[in-house]
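Peer 1: This is structure-v6.cif (mmCIF, C-alpha atoms).
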data_input
loop_
_atom_site.label_atom_id
_atom_site.label_comp_id
_atom_site.auth_asym_id
_atom_site.auth_seq_id
_atom_site.Cartn_x
_atom_site.Cartn_y
_atom_site.Cartn_z
CA MET G 1 -25.14 15.64 -53.50
CA GLU G 2 -25.56 12.25 -51.85
CA LYS G 3 -21.80 12.10 -51.24
CA LYS G 4 -21.89 15.45 -49.41
CA ILE G 5 -24.81 14.27 -47.25
CA THR G 6 -22.96 11.05 -46.40
CA ILE G 7 -19.82 12.97 -45.42
CA ALA G 8 -21.93 15.31 -43.24
CA ILE G 9 -23.59 12.37 -41.48
CA VAL G 10 -20.21 10.71 -40.83
CA ALA G 11 -18.89 14.02 -39.42
CA ILE G 12 -21.88 14.31 -37.09
CA VAL G 13 -21.41 10.72 -35.90
CA ILE G 14 -17.72 11.39 -35.23
CA ILE G 15 -18.56 14.56 -33.27
CA VAL G 16 -21.14 12.67 -31.17
CA LEU G 17 -18.68 9.83 -30.47
CA VAL G 18 -15.88 12.24 -29.53
CA GLY G 19 -18.29 14.11 -27.26
CA ALA G 20 -19.38 10.90 -25.57
CA ILE G 21 -15.75 9.86 -25.00
CA LEU G 22 -14.90 13.27 -23.56
CA TRP G 23 -17.97 13.19 -21.25
CA ALA G 24 -17.08 9.67 -20.03
CA THR G 25 -13.48 10.70 -19.41
CA LEU G 26 -14.66 13.78 -17.52
CA ALA G 27 -17.06 11.73 -15.40
CA GLN G 28 -14.35 9.19 -14.66
CA ASN G 29 -11.93 11.93 -13.63
CA GLN G 30 -14.57 13.41 -11.31
CA GLN G 31 -15.35 10.06 -9.58
CA PRO G 32 -12.53 10.25 -7.00
CA ALA G 33 -13.79 13.70 -5.94
CA GLN G 34 -17.29 12.25 -5.40
CA THR G 35 -15.84 9.39 -3.39
CA ALA G 36 -13.87 11.82 -1.27
CA GLN G 37 -17.13 13.59 -0.42
CA GLN G 38 -18.85 10.40 0.78
CA LYS G 39 -19.96 10.34 4.41
CA VAL G 40 -17.52 9.09 7.03
CA THR G 41 -18.62 5.85 8.70
CA LEU G 42 -18.35 5.94 12.49
CA THR G 43 -18.33 2.41 13.89
CA GLU G 44 -19.66 1.83 17.43
CA THR G 45 -19.94 -1.20 19.68
CA GLY G 46 -20.44 -1.90 23.37
CA SER G 47 -23.08 -1.09 25.97
CA THR G 48 -26.36 -2.93 25.49
CA LEU G 49 -27.90 -0.20 27.66
CA LEU G 50 -26.90 2.44 25.12
CA TYR G 51 -27.64 0.29 22.07
CA PRO G 52 -31.33 1.34 21.76
CA VAL G 53 -30.49 5.05 21.66
CA PHE G 54 -27.45 4.57 19.39
CA ASN G 55 -29.72 2.61 17.05
CA VAL G 56 -32.18 5.52 16.93
CA TRP G 57 -29.37 8.04 16.54
CA ALA G 58 -27.96 6.01 13.63
CA GLY G 59 -31.28 6.29 11.82
CA ASN G 60 -31.59 10.03 12.35
CA TYR G 61 -28.08 11.47 12.18
CA THR G 62 -27.31 12.62 8.63
CA ASN G 63 -23.75 14.00 8.67
CA ALA G 64 -22.09 10.60 9.01
CA THR G 65 -23.01 6.95 8.74
CA ILE G 66 -23.28 5.33 12.19
CA THR G 67 -23.02 1.55 12.62
CA THR G 68 -23.91 0.14 16.02
CA GLN G 69 -23.63 -3.23 17.80
CA ALA G 70 -24.76 -4.38 21.26
CA THR G 71 -21.78 -6.36 22.55
CA GLY G 72 -21.46 -5.24 26.18
CA SER G 73 -19.43 -2.45 27.74
CA GLY G 74 -16.36 -4.63 28.23
CA THR G 75 -16.18 -5.32 24.51
CA GLY G 76 -16.86 -1.66 23.78
CA ILE G 77 -13.86 -0.57 25.84
CA SER G 78 -11.51 -3.24 24.49
CA SER G 79 -12.58 -2.69 20.87
CA ALA G 80 -12.00 1.06 21.13
CA ILE G 81 -8.55 0.46 22.63
CA LYS G 82 -7.67 -2.03 19.87
CA GLY G 83 -8.92 0.37 17.21
CA THR G 84 -11.36 -2.12 15.67
CA VAL G 85 -14.12 0.46 16.20
CA ILE G 86 -14.09 4.24 16.47
CA ILE G 87 -16.54 4.48 19.39
CA GLY G 88 -16.69 2.17 22.38
CA ALA G 89 -19.94 2.67 24.32
CA SER G 90 -19.81 1.86 28.01
CA ASP G 91 -21.80 2.26 31.22
CA ALA G 92 -18.46 2.29 33.04
CA PHE G 93 -15.37 4.39 32.49
CA MET G 94 -11.94 2.81 32.08
CA PRO G 95 -10.35 1.90 35.43
CA ASP G 96 -7.07 3.49 36.52
CA SER G 97 -5.06 0.45 35.40
CA LEU G 98 -6.27 0.82 31.79
CA VAL G 99 -5.99 4.62 31.79
CA GLN G 100 -2.35 4.36 32.85
CA LYS G 101 -1.70 1.73 30.17
CA TYR G 102 -3.58 3.58 27.39
CA PRO G 103 -3.32 7.30 28.24
CA TRP G 104 -4.37 8.30 24.72
CA MET G 105 -7.91 6.98 25.27
CA LEU G 106 -10.65 9.44 26.28
CA ASN G 107 -13.60 8.65 28.57
CA ILE G 108 -16.28 11.13 27.51
CA PRO G 109 -19.57 11.34 29.47
CA ILE G 110 -22.51 11.43 27.10
CA LEU G 111 -25.73 10.68 29.07
CA ILE G 112 -27.03 9.72 32.52
CA SER G 113 -28.88 6.46 33.12
CA GLY G 114 -29.85 3.86 35.69
CA GLN G 115 -30.95 0.29 36.18
CA TYR G 116 -33.92 -1.80 37.25
CA VAL G 117 -33.66 -4.68 39.68
CA ALA G 118 -36.34 -6.77 37.96
CA TYR G 119 -38.02 -10.03 38.96
CA ASN G 120 -40.62 -12.56 37.90
CA ILE G 121 -42.70 -13.60 40.92
CA PRO G 122 -46.08 -14.95 39.77
CA GLY G 123 -48.83 -12.87 41.35
CA LEU G 124 -46.47 -10.17 42.62
CA ASN G 125 -45.07 -8.55 39.48
CA SER G 126 -47.47 -5.64 39.78
CA ILE G 127 -46.02 -4.83 43.23
CA HIS G 128 -42.80 -2.90 43.71
CA LEU G 129 -41.01 -4.94 46.36
CA VAL G 130 -38.54 -3.07 48.54
CA LEU G 131 -35.00 -4.47 48.40
CA SER G 132 -31.65 -3.30 49.76
CA GLY G 133 -28.01 -3.76 48.83
CA PRO G 134 -27.31 -6.22 51.68
CA VAL G 135 -30.42 -8.26 50.78
CA LEU G 136 -29.42 -8.41 47.10
CA ALA G 137 -25.89 -9.40 48.13
CA GLY G 138 -27.41 -12.21 50.21
CA ILE G 139 -29.52 -13.37 47.26
CA TYR G 140 -26.50 -13.53 44.98
CA ASN G 141 -24.15 -15.12 47.54
CA ASN G 142 -26.72 -17.84 48.38
CA THR G 143 -27.30 -16.85 52.03
CA ILE G 144 -30.84 -15.67 51.17
CA GLN G 145 -32.41 -18.52 49.23
CA TYR G 146 -36.20 -18.10 49.43
CA TRP G 147 -38.52 -15.21 48.65
CA ASP G 148 -40.08 -15.39 52.12
CA ASP G 149 -36.74 -15.03 53.89
CA PRO G 150 -37.12 -12.93 57.06
CA LYS G 151 -34.78 -10.23 55.67
CA ILE G 152 -37.01 -9.74 52.62
CA LYS G 153 -40.17 -9.92 54.74
CA ALA G 154 -38.82 -7.22 57.05
CA LEU G 155 -38.62 -4.82 54.07
CA ASN G 156 -42.07 -5.88 52.80
CA PRO G 157 -44.23 -6.47 55.89
CA ASN G 158 -47.54 -6.15 54.04
CA VAL G 159 -46.71 -8.53 51.20
CA THR G 160 -47.38 -12.28 51.25
CA LEU G 161 -44.15 -13.71 49.86
CA PRO G 162 -43.95 -17.26 48.47
CA HIS G 163 -41.66 -19.94 49.87
CA GLU G 164 -39.99 -20.43 46.49
CA ARG G 165 -36.30 -20.67 45.63
CA ILE G 166 -34.86 -17.40 44.38
CA ILE G 167 -33.08 -17.78 41.02
CA PRO G 168 -30.64 -14.91 40.45
CA VAL G 169 -29.34 -14.14 36.97
CA TYR G 170 -26.24 -12.09 36.15
CA ARG G 171 -24.47 -10.90 33.02
CA SER G 172 -21.99 -13.46 31.72
CA ASP G 173 -20.43 -10.93 29.31
CA GLY G 174 -18.30 -7.94 30.28
CA SER G 175 -20.98 -5.45 31.21
CA GLY G 176 -21.34 -1.90 32.43
CA ASP G 177 -24.66 -3.03 33.91
CA THR G 178 -22.70 -5.46 36.07
CA ASN G 179 -20.43 -2.58 37.07
CA MET G 180 -23.47 -0.50 38.12
CA PHE G 181 -25.11 -3.32 40.05
CA THR G 182 -21.99 -4.49 41.87
CA LEU G 183 -20.98 -0.90 42.64
CA TYR G 184 -24.31 -0.45 44.44
CA LEU G 185 -23.72 -3.69 46.35
CA SER G 186 -20.15 -2.67 47.20
CA ARG G 187 -21.16 0.73 48.53
CA SER G 188 -24.12 -0.59 50.53
CA CYS G 189 -22.76 -3.92 51.79
CA GLU G 190 -19.36 -4.15 53.49
CA TRP G 191 -19.12 -7.92 52.96
CA TRP G 192 -19.63 -7.57 49.20
CA ASN G 193 -17.11 -4.74 48.98
CA LYS G 194 -14.42 -6.80 50.72
CA THR G 195 -15.02 -10.11 48.95
CA VAL G 196 -16.45 -9.46 45.48
CA GLY G 197 -16.07 -5.77 44.69
CA TYR G 198 -17.30 -4.20 41.49
CA GLY G 199 -16.43 -4.07 37.79
CA THR G 200 -17.61 -5.01 34.32
CA ASN G 201 -16.60 -8.57 35.25
CA VAL G 202 -16.56 -9.96 38.80
CA ASN G 203 -16.04 -13.36 40.37
CA TRP G 204 -19.62 -14.08 41.37
CA PRO G 205 -20.11 -15.96 44.66
CA THR G 206 -20.86 -19.66 44.39
CA ASN G 207 -24.60 -20.13 44.07
CA PRO G 208 -26.03 -23.31 42.51
CA ALA G 209 -29.28 -21.49 41.68
CA ALA G 210 -27.61 -18.65 39.77
CA HIS G 211 -27.43 -18.38 35.99
CA GLY G 212 -25.55 -16.22 33.52
CA ALA G 213 -27.04 -14.48 30.47
CA THR G 214 -25.66 -12.31 27.68
CA GLY G 215 -26.79 -8.73 27.26
CA ASN G 216 -29.84 -6.98 28.65
CA ALA G 217 -31.95 -8.90 26.15
CA GLY G 218 -30.57 -12.16 27.55
CA ILE G 219 -31.40 -11.14 31.13
CA ILE G 220 -34.97 -10.19 30.15
CA SER G 221 -35.45 -13.43 28.23
CA PHE G 222 -34.27 -15.45 31.24
CA LEU G 223 -36.49 -13.56 33.67
CA ASN G 224 -39.51 -13.95 31.40
CA ALA G 225 -38.99 -17.71 31.10
CA THR G 226 -38.08 -18.39 34.73
CA PRO G 227 -40.58 -17.90 37.57
CA TYR G 228 -39.11 -16.62 40.87
CA SER G 229 -36.01 -15.22 39.15
CA ILE G 230 -34.35 -11.85 39.74
CA GLY G 231 -31.77 -9.84 37.79
CA TYR G 232 -30.61 -6.36 36.79
CA VAL G 233 -31.76 -4.63 33.61
CA ALA G 234 -30.96 -1.24 32.07
CA LEU G 235 -33.69 1.40 32.24
CA THR G 236 -33.53 1.74 28.45
CA TYR G 237 -35.39 -1.60 28.29
CA GLN G 238 -38.52 -0.23 29.98
CA LYS G 239 -40.76 -1.35 27.10
CA ASP G 240 -39.43 -4.91 27.38
CA ILE G 241 -40.05 -4.92 31.14
CA GLN G 242 -43.63 -3.81 30.52
CA LYS G 243 -44.22 -6.13 27.58
CA ASN G 244 -43.14 -9.15 29.63
CA ASN G 245 -45.07 -7.97 32.71
CA LEU G 246 -41.99 -8.18 34.92
CA GLY G 247 -41.84 -6.52 38.32
CA TYR G 248 -39.12 -4.17 39.52
CA ALA G 249 -38.02 -3.05 42.96
CA ALA G 250 -37.77 0.12 44.97
CA LEU G 251 -34.23 0.17 46.36
CA ILE G 252 -32.96 1.44 49.68
CA ASN G 253 -30.62 4.37 49.09
CA ARG G 254 -27.80 5.82 51.20
CA ASP G 255 -30.21 7.79 53.40
CA GLY G 256 -32.39 4.73 54.04
CA TYR G 257 -35.29 5.61 51.74
CA ALA G 258 -36.93 3.16 49.32
CA VAL G 259 -36.83 4.84 45.89
CA LEU G 260 -38.16 3.74 42.51
CA PRO G 261 -36.15 4.32 39.34
CA SER G 262 -37.22 7.23 37.15
CA LYS G 263 -35.61 10.05 35.21
CA GLU G 264 -36.26 12.34 38.15
CA THR G 265 -34.74 10.09 40.84
CA ILE G 266 -31.72 9.33 38.64
CA MET G 267 -31.14 13.04 38.05
CA ASN G 268 -31.47 13.59 41.80
CA ALA G 269 -28.61 11.13 42.31
CA ALA G 270 -26.46 12.70 39.59
CA SER G 271 -27.03 16.26 40.80
CA VAL G 272 -25.08 15.53 43.98
CA TYR G 273 -21.92 15.02 41.92
CA LEU G 274 -22.25 17.54 39.07
CA ASN G 275 -19.71 19.94 40.55
CA GLN G 276 -17.27 17.16 41.44
CA ILE G 277 -16.59 15.73 37.96
CA PRO G 278 -12.84 15.70 37.28
CA PRO G 279 -11.43 16.97 33.96
CA ASP G 280 -11.02 13.40 32.66
CA GLY G 281 -14.79 12.85 33.08
CA ARG G 282 -14.55 9.69 35.20
CA ILE G 283 -16.84 9.57 38.25
CA ASN G 284 -19.11 7.06 40.00
CA ILE G 285 -22.50 8.31 41.16
CA ALA G 286 -24.01 5.11 42.62
CA PHE G 287 -25.56 5.05 46.13
CA ALA G 288 -25.94 8.81 46.26
CA PRO G 289 -27.27 10.64 49.31
CA GLY G 290 -30.67 12.32 49.24
CA SER G 291 -34.14 11.19 50.23
CA ASN G 292 -35.27 10.83 46.62
CA SER G 293 -32.02 9.70 44.94
CA TYR G 294 -32.18 6.36 43.16
CA PRO G 295 -29.11 4.34 44.19
CA ILE G 296 -28.20 2.69 40.86
CA ALA G 297 -27.36 5.61 38.60
CA THR G 298 -24.41 6.19 36.28
CA PHE G 299 -22.88 8.45 33.69
CA GLU G 300 -22.78 6.79 30.29
CA TYR G 301 -19.50 7.01 28.36
CA VAL G 302 -18.04 6.86 24.90
CA ILE G 303 -14.47 5.58 24.85
CA VAL G 304 -12.49 7.02 21.92
CA ASN G 305 -8.90 7.45 20.83
CA LYS G 306 -7.81 11.08 20.91
CA THR G 307 -5.80 10.47 17.70
CA GLN G 308 -8.01 9.30 14.85
CA SER G 309 -6.88 7.77 11.55
CA SER G 310 -7.42 11.04 9.64
CA GLN G 311 -8.48 14.58 10.28
CA GLN G 312 -11.65 13.88 8.30
CA VAL G 313 -12.61 11.07 10.67
CA ALA G 314 -11.67 13.20 13.70
CA ASN G 315 -13.87 16.06 12.50
CA ALA G 316 -16.79 13.71 11.81
CA LEU G 317 -16.44 12.11 15.25
CA LYS G 318 -16.29 15.46 17.04
CA GLU G 319 -19.30 16.76 15.13
CA PHE G 320 -21.33 13.64 16.00
CA LEU G 321 -20.45 13.72 19.71
CA LEU G 322 -21.32 17.42 19.96
CA TRP G 323 -24.64 16.62 18.29
CA ALA G 324 -25.23 13.69 20.67
CA VAL G 325 -24.95 15.86 23.80
CA SER G 326 -26.87 18.80 22.34
CA PRO G 327 -30.44 19.41 23.62
CA ASN G 328 -31.29 20.27 20.01
CA GLY G 329 -29.70 17.08 18.71
CA GLY G 330 -29.23 13.60 20.14
CA SER G 331 -30.08 14.65 23.68
CA SER G 332 -33.48 16.08 22.77
CA PRO G 333 -36.59 14.57 24.40
CA GLN G 334 -37.67 12.94 21.13
CA PHE G 335 -34.68 10.62 21.39
CA LEU G 336 -34.18 10.20 25.15
CA ASP G 337 -37.62 10.11 26.75
CA GLN G 338 -38.57 6.78 25.22
CA PHE G 339 -35.53 5.18 26.89
CA ASN G 340 -35.65 6.90 30.31
CA LEU G 341 -32.28 8.49 29.56
CA VAL G 342 -31.28 11.78 31.17
CA PRO G 343 -29.35 14.43 29.19
CA LEU G 344 -26.22 15.94 30.66
CA PRO G 345 -26.74 19.38 32.21
CA SER G 346 -25.29 22.26 30.18
CA ASN G 347 -22.57 23.01 32.75
CA VAL G 348 -21.28 19.44 32.49
CA VAL G 349 -21.35 19.62 28.68
CA ASN G 350 -19.54 22.96 28.58
CA ASN G 351 -17.02 22.36 31.38
CA VAL G 352 -16.22 18.67 30.95
CA VAL G 353 -17.55 17.15 27.73
CA VAL G 354 -16.63 19.83 25.15
CA PRO G 355 -13.02 20.13 26.39
CA LEU G 356 -12.65 16.35 26.11
CA ILE G 357 -14.17 16.29 22.62
CA ASN G 358 -11.81 19.07 21.54
CA LYS G 359 -8.87 16.80 22.34
CA ILE G 360 -9.80 14.58 19.40
CA GLY G 361 -7.65 15.16 16.32
CA GLY G 362 -5.99 13.57 13.33
CA PRO G 363 -2.56 11.94 13.00
#
Would you put the structure from the file into structure tokens?
Peer 2:
Amino acid sequence: MEKKITIAIVAIVIIVLVGAILWATLAQNQQPAQTAQQKVTLTETGSTLLYPVFNVWAGNYTNATITTQATGSGTGISSAIKGTVIIGASDAFMPDSLVQKYPWMLNIPILISGQYVAYNIPGLNSIHLVLSGPVLAGIYNNTIQYWDDPKIKALNPNVTLPHERIIPVYRSDGSGDTNMFTLYLSRSCEWWNKTVGYGTNVNWPTNPAAHGATGNAGIISFLNATPYSIGYVALTYQKDIQKNNLGYAALINRDGYAVLPSKETIMNAASVYLNQIPPDGRINIAFAPGSNSYPIATFEYVIVNKTQSSQQVANALKEFLLWAVSPNGGSSPQFLDQFNLVPLPSNVVNNVVVPLINKIGGP
């Protein structure tokens, strides 16, 4: 009897072991299928203006993993071209020279934004000084050196300005913010247009008082630490401007009006050009006409290769970009309002953005 029981126990043990081996083998065979179903990772780098919203998107978008870095628009464009990232974020589209060299790259509008001209003038940061393109050009080219210069006083007749040296700060990295700022100067000041021009990098005029800083965070840090300084900062850094009690200017627009930056005045500027956007999506909207148009406004871009490494990656990228421009997705008020970003109007999304996104495919 004991022998039969022993044999039965051994048989049960063998059955359990065989079952365990079969289950392990089955699980191992299924592992590649699970891996294949893992989320696609979409890598992004570039615009420090867009970084705050990409960071929020990354934490809320669930159909792919989004990684984001604030490296400047110039790096965003070059990294997308090199293929070291999937998405290059930029406040400036690729210039004609790069488009001709890399015709497979797409410049897809994704949002509308603008820029502060911010300053740190003790005692005056609660006042919105009025500044113009020619005055800002003079500050940066060292022909306007003091805050009480007659050209600044003429724009601010009721403000007591200090006789203190103006310390301008500019972006030392390749920056779409630099493109926005210098485009405004180029369109409003003939001298600047002829001698300096605009771009993500420019040859800044010689000015012993000027300093360079990296990223919007670097500009804000410099302004905060340096009394009587002035620089340009993306509107997405509104909370940092407020936290550091920095002032910001009302700027003279094309029609001669002093206008403060806001979602409304930026949209006013963009609305002038909404029916003029070419099929490739590239258009400048700075220094727009209109009594209430803010003069430093821009379309924000993602720079992507139309041919992705696989169809799976292409599908994930297209799905994310469609979500990003959707009023029910990334362009909803819950994401954009906190950064003063303006969503693209539906006609721009349907007529320009969706056709560009649909060009994305696999090998």
Peer 1: Expand the PyMOL selection byres ((chain G and resi 79) around 12) into the individual residues it matches in the shown file, reporting them as number ranges by chain.
Peer 2: G: 43-47, 69, 71-78, 80-90, 105, 302-305
Peer 1: When distances are computed from only C-alpha atoms, which of G:Tyr170, G:Trp147, G:Tyr140, G:Tyr301 shows the smallest separation from Trp192 of chain G?
Peer 2: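 Ranking G:Tyr170, G:Trp147, G:Tyr140, G:Tyr301 by distance to Trp192 of chain G, first place goes to G:Tyr140.
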Peer 1: Which residue gives the smallest distance to Asn315 of chain G among G:Gly361, G:Pro295, G:Gly330, G:Gly174, with only C-alpha atoms counted?
Peer 2: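 Checking each candidate against Asn315 of chain G, we get G:Gly361 as the closest.
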Peer 1: Counting all atoms listed in the file, give me one row per residue of segment 86-136 of chain G with an atom at most 12 Å from an atom of segment 275-292 of chain G, showing the shortest contact pair and its distance in Å to one decimal, sorted by chain then residue number, as a Markdown table.
Peer 2:
| residue | atom | partner | partner_atom | distance |
| --- | --- | --- | --- | --- |
| G:Ser90 | CA | G:Arg282 | CA | 11.9 |
| G:Asp91 | CA | G:Asn284 | CA | 10.4 |
| G:Ala92 | CA | G:Asn284 | CA | 8.5 |
| G:Phe93 | CA | G:Arg282 | CA | 6.0 |
| G:Met94 | CA | G:Arg282 | CA | 8.0 |
| G:Pro95 | CA | G:Arg282 | CA | 8.9 |
| G:Asp96 | CA | G:Arg282 | CA | 9.8 |
| G:Val99 | CA | G:Asp280 | CA | 10.2 |
| G:Pro103 | CA | G:Asp280 | CA | 10.8 |
| G:Trp104 | CA | G:Asp280 | CA | 11.5 |
| G:Met105 | CA | G:Asp280 | CA | 10.3 |
| G:Leu106 | CA | G:Asp280 | CA | 7.5 |
| G:Asn107 | CA | G:Gly281 | CA | 6.3 |
| G:Ile108 | CA | G:Gly281 | CA | 6.0 |
| G:Pro109 | CA | G:Gly281 | CA | 6.2 |
| G:Ile110 | CA | G:Gly281 | CA | 9.9 |
| G:Leu111 | CA | G:Gly281 | CA | 11.9 |
| G:Ile112 | CA | G:Ile285 | CA | 9.9 |
| G:Ser113 | CA | G:Ile285 | CA | 10.4 |
| G:Gly114 | CA | G:Ala286 | CA | 9.1 |
| G:Gln115 | CA | G:Ala286 | CA | 10.6 |
| G:Ser132 | CA | G:Phe287 | CA | 11.0 |
| G:Gly133 | CA | G:Phe287 | CA | 9.5 |
Peer 1: Using only C-alpha atoms, determine which residues lie at most 6 Å from Val169 of chain G, disregarding the query and same-chain residues fewer than 2 positions distant; provide the list as a PyMOL selection string.
Peer 2: chain G and resi 210-212+231
Peer 1: Which residue out of G:Gly218, G:Pro122, G:Gly362, G:Pro345 has the minimum interatomic distance to Leu246 of chain G when all atoms listed in the file are used?
Peer 2: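 Comparing G:Gly218, G:Pro122, G:Gly362, G:Pro345 against Leu246 of chain G, the winner is G:Pro122.
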Peer 1: Nearest to Thr62 of chain G among G:Trp323, G:Ser221, G:Ile266, G:Gln238, with distances taken over all atoms listed in the file: which residue is it?
Peer 2: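 Residue with the minimum atom-to-atom distance to Thr62 of chain G: G:Trp323.
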Peer 1: For atom CA of Tyr102 of chain G and atom CA of Tyr273 of chain G, determine how far apart the two atoms are, in Å to one decimal place.
Peer 2: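 Between atom CA of Tyr102 of chain G and atom CA of Tyr273 of chain G the gap is 26.0 Å.
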Peer 1: Do you know which residues lie at most 12 Å from (-49.2, -11.1, 50.0), with coordinates as in the file and only C-alpha atoms counted, and could you write them as a list in words?
Peer 2: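 Those within range, by chain then number, are Ile121, Pro122, Gly123, Leu124, Asn125, Ser126, Ile127, Leu129, Trp147, Asp148, Lys153, Asn156, Pro157, Asn158, Val159, Thr160, Leu161, Pro162 and His163 of chain G.
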Peer 1: List as a VMD selection string the protein and nucleic acid residues near Phe335 of chain G, meaning an atom at most 12 Å away when all atoms listed in the file are counted, but skip any in the same chain fewer than 2 places from it.
Peer 2: chain G and resid 50 52 to 61 111 236 324 to 333 337 to 343
Peer 1: Here's the selection I'm unsure about, the PyMOL selection byres ((chain G and resi 185) around 9); applied to the file above, which residues does it give, as a PDB file with C-alpha atoms, in the frame of the given file?
Peer 2:
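Final file, result-v8.pdb:
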ATOM      1  CA  SER G 132     -31.650  -3.300  49.760  1.00  0.00           C
ATOM      2  CA  GLY G 133     -28.010  -3.760  48.830  1.00  0.00           C
ATOM      3  CA  PRO G 134     -27.310  -6.220  51.680  1.00  0.00           C
ATOM      4  CA  LEU G 136     -29.420  -8.410  47.100  1.00  0.00           C
ATOM      5  CA  ALA G 137     -25.890  -9.400  48.130  1.00  0.00           C
ATOM      6  CA  MET G 180     -23.470  -0.500  38.120  1.00  0.00           C
ATOM      7  CA  PHE G 181     -25.110  -3.320  40.050  1.00  0.00           C
ATOM      8  CA  THR G 182     -21.990  -4.490  41.870  1.00  0.00           C
ATOM      9  CA  LEU G 183     -20.980  -0.900  42.640  1.00  0.00           C
ATOM     10  CA  TYR G 184     -24.310  -0.450  44.440  1.00  0.00           C
ATOM     11  CA  SER G 186     -20.150  -2.670  47.200  1.00  0.00           C
ATOM     12  CA  ARG G 187     -21.160   0.730  48.530  1.00  0.00           C
ATOM     13  CA  SER G 188     -24.120  -0.590  50.530  1.00  0.00           C
ATOM     14  CA  CYS G 189     -22.760  -3.920  51.790  1.00  0.00           C
ATOM     15  CA  GLU G 190     -19.360  -4.150  53.490  1.00  0.00           C
ATOM     16  CA  TRP G 192     -19.630  -7.570  49.200  1.00  0.00           C
ATOM     17  CA  ASN G 193     -17.110  -4.740  48.980  1.00  0.00           C
ATOM     18  CA  GLY G 197     -16.070  -5.770  44.690  1.00  0.00           C
ATOM     19  CA  TYR G 198     -17.300  -4.200  41.490  1.00  0.00           C
ATOM     20  CA  PHE G 287     -25.560   5.050  46.130  1.00  0.00           C
TER      21      PHE G 287
END
Peer 1: For the atom pair atom CA of Tyr116 of chain G and atom CA of Thr143 of chain G, what is the interatomic distance in Å to one decimal place?
Peer 2: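 Those two atoms sit 22.1 Å apart.
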Peer 1: Can you work out the spacing between atom CA of Ser97 of chain G and atom CA of Ile219 of chain G in Å, to one decimal?
Peer 2: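 One can read the atom CA of Ser97 of chain G to atom CA of Ile219 of chain G distance as 29.1 Å.
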Peer 1: Run through the PyMOL selection byres ((chain G and resi 119) around 10) on the given coordinates and return the selected residues as a PyMOL selection string.
Peer 2: chain G and resi 116-118+120-122+124-125+128-129+166-169+220+223-224+226-233+241+245-249
Peer 1: Kindly indicate which residue among G:Val354, G:Leu336, G:Leu251, G:Val348 lies nearest to Ala270 of chain G, using only C-alpha atoms for the distances.
Peer 2: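 Ranking G:Val354, G:Leu336, G:Leu251, G:Val348 by distance to Ala270 of chain G, first place goes to G:Val348.
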Peer 1: Fewer than 4 positions away in the same chain doesn't count, so skip those; otherwise give me all residues within 7 Å of Arg171 of chain G, counting all atoms listed in the file, as a PyMOL selection string.
Peer 2: chain G and resi 175+178+212-215
Peer 1: Using all atoms listed in the file, which of the listed residues (G:Gly138, G:Pro261, G:Pro150, G:Gly176) sits closest to Pro205 of chain G?
Peer 2: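 Among the listed residues, the smallest separation from Pro205 of chain G belongs to G:Gly138.
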